[in-house]
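The data block below is my_file_26.cif; it holds mmCIF, C-alpha atoms.
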data_input
#
loop_
_atom_site.label_atom_id
_atom_site.label_comp_id
_atom_site.auth_asym_id
_atom_site.auth_seq_id
_atom_site.Cartn_x
_atom_site.Cartn_y
_atom_site.Cartn_z
CA MET Y 182 330.51 92.14 -22.16
CA SER Y 183 334.08 90.97 -22.08
CA VAL Y 184 335.25 87.46 -22.83
CA ASN Y 185 335.86 86.83 -19.11
CA HIS Y 186 332.27 87.72 -18.32
CA LEU Y 187 331.05 85.32 -20.99
CA TRP Y 188 333.14 82.51 -19.52
CA ILE Y 189 331.83 83.26 -16.02
CA ALA Y 190 328.24 83.31 -17.32
CA ALA Y 191 328.80 80.03 -19.18
CA ALA Y 192 330.34 78.41 -16.11
CA GLY Y 193 327.43 79.61 -13.98
CA ALA Y 194 324.92 78.19 -16.45
CA ALA Y 195 326.79 74.89 -16.56
CA ALA Y 196 326.88 74.72 -12.76
CA ALA Y 197 323.15 75.47 -12.57
CA GLY Y 198 322.51 72.76 -15.13
CA CYS Y 199 324.59 70.26 -13.13
CA VAL Y 200 322.77 71.11 -9.90
CA ALA Y 201 319.41 70.76 -11.63
CA GLY Y 202 320.45 67.41 -13.08
CA LEU Y 203 321.66 66.18 -9.69
CA ALA Y 204 318.43 67.33 -8.07
CA GLN Y 205 316.31 65.48 -10.66
CA SER Y 206 318.30 62.27 -10.31
CA GLY Y 207 317.99 62.29 -6.49
CA ILE Y 208 321.74 62.42 -5.91
CA LEU Y 209 321.48 65.87 -4.35
CA HIS Y 210 318.75 64.65 -1.98
CA LYS Y 211 320.71 61.55 -1.02
CA GLY Y 212 323.80 63.65 -0.37
CA ALA Y 213 321.81 66.07 1.80
CA VAL Y 214 320.35 63.15 3.76
CA ALA Y 215 323.81 61.66 4.29
CA VAL Y 216 325.24 64.97 5.48
CA THR Y 217 322.27 65.56 7.80
CA SER Y 218 322.43 62.07 9.30
CA CYS Y 219 326.17 62.48 9.89
CA GLY Y 220 325.50 65.79 11.61
CA MET Y 221 322.85 64.15 13.78
CA ARG Y 222 325.27 61.38 14.81
CA VAL Y 223 327.88 63.98 15.72
CA ALA Y 224 325.28 65.93 17.73
CA ASP Y 225 324.28 62.73 19.57
CA ALA Y 226 327.91 61.92 20.36
CA VAL Y 227 328.57 65.45 21.61
CA SER Y 228 325.39 65.35 23.71
CA ALA Y 229 326.36 62.02 25.28
CA GLU Y 230 329.89 63.24 26.07
CA THR Y 231 328.51 66.48 27.50
CA GLN Y 232 326.21 64.46 29.77
CA ASN Y 233 329.18 62.35 30.92
CA ILE Y 234 331.08 65.52 31.79
CA VAL Y 235 328.08 66.90 33.72
CA ASP Y 236 327.70 63.60 35.60
CA ASP Y 237 331.41 63.52 36.50
CA ALA Y 238 331.28 67.14 37.66
CA SER Y 239 328.21 66.41 39.80
CA ASP Y 240 329.98 63.44 41.38
CA THR Y 241 333.04 65.58 42.09
CA VAL Y 242 330.94 68.32 43.70
CA ALA Y 243 329.02 65.78 45.80
CA GLU Y 244 332.28 64.22 47.02
CA ALA Y 245 333.73 67.64 47.86
CA ARG Y 246 330.61 68.51 49.86
CA ARG Y 247 330.80 65.16 51.68
CA LYS Y 248 334.45 65.73 52.60
CA SER Y 249 333.70 69.27 53.72
CA LYS Y 250 330.95 68.03 56.06
CA ILE Y 251 333.27 65.37 57.47
CA ASP Y 252 336.07 67.91 58.02
CA ALA Y 253 333.69 70.35 59.74
CA GLU Y 254 332.37 67.63 62.07
CA VAL Y 255 335.89 66.44 62.90
CA ARG Y 256 337.01 70.03 63.67
CA GLU Y 257 333.98 70.50 65.93
CA ARG Y 258 334.62 67.27 67.80
CA VAL Y 259 338.36 67.96 68.15
CA ALA Y 260 337.61 71.44 69.53
CA ALA Y 261 335.16 70.01 72.07
CA GLU Y 262 337.57 67.25 73.09
CA THR Y 263 340.46 69.72 73.30
CA GLU Y 264 338.47 71.93 75.66
CA ARG Y 265 337.53 68.92 77.85
CA ILE Y 266 341.17 67.78 78.01
CA ARG Y 267 342.38 71.32 78.76
CA LYS Y 268 339.99 71.58 81.74
CA GLU Y 269 341.04 68.14 83.00
CA VAL Y 270 344.77 68.92 82.72
CA THR Y 271 344.32 72.36 84.29
CA ALA Y 272 342.49 70.81 87.24
CA GLU Y 273 345.23 68.18 87.65
CA ILE Y 274 348.01 70.77 87.55
CA ASP Y 275 346.17 73.10 89.92
CA ALA Y 276 345.61 70.20 92.32
CA ALA Y 277 349.28 69.19 92.09
CA GLY Y 278 350.31 72.81 92.66
CA ALA Y 279 348.29 73.02 95.83
CA GLU Y 280 349.98 69.89 97.14
CA ALA Y 281 353.50 71.01 96.25
#
Encoded form using structure tokens:
Amino acid sequence: MSVNHLWIAAAGAAAAGCVAGLAQSGILHKGAVAVTSCGMRVADAVSAETQNIVDDASDTVAEARRKSKIDAEVRERVAAETERIRKEVTAEIDAAGAEA
């Protein structure tokens, strides 16, 4: 083994010893709990924001459908009224033409 390999082996052993010491003292567990709870808070925040986006999108779709129904009804009524007016005007002009 070369000197570099010995240093790497020694560093690995020291790191393993540190991790074992941290695990026995509970620091490793406390750190893992802190990281996990932070991750859970982030997940909750993302979930809440995602729900807000879904709610806003649903509201937007509902409003677009409402406007579409209104526009369709208005077009239908305008078409019916236009036809009624056209018949009335045609009759008036035809009557005036017969008199002229």
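Atom CA of Glu230 of chain Y sits 25.7 Å away from atom CA of Arg247 of chain Y.
The gap separating atom CA of Arg265 of chain Y from atom CA of Ala277 of chain Y is 18.5 Å, in Å to one decimal.
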Please put the answer as JSON: centre and edge lengths, in Å with one decimal, of a box along x, y and z that encloses all listed atoms of segment 224-230 of chain Y plus 5 Å on each side.
{"center_x": 327.1, "center_y": 63.9, "center_z": 21.9, "size_x": 15.6, "size_y": 14.0, "size_z": 18.3}
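Atom CA of Ala192 of chain Y to atom CA of Thr217 of chain Y spans 28.3 Å [interatomic distance, one decimal].
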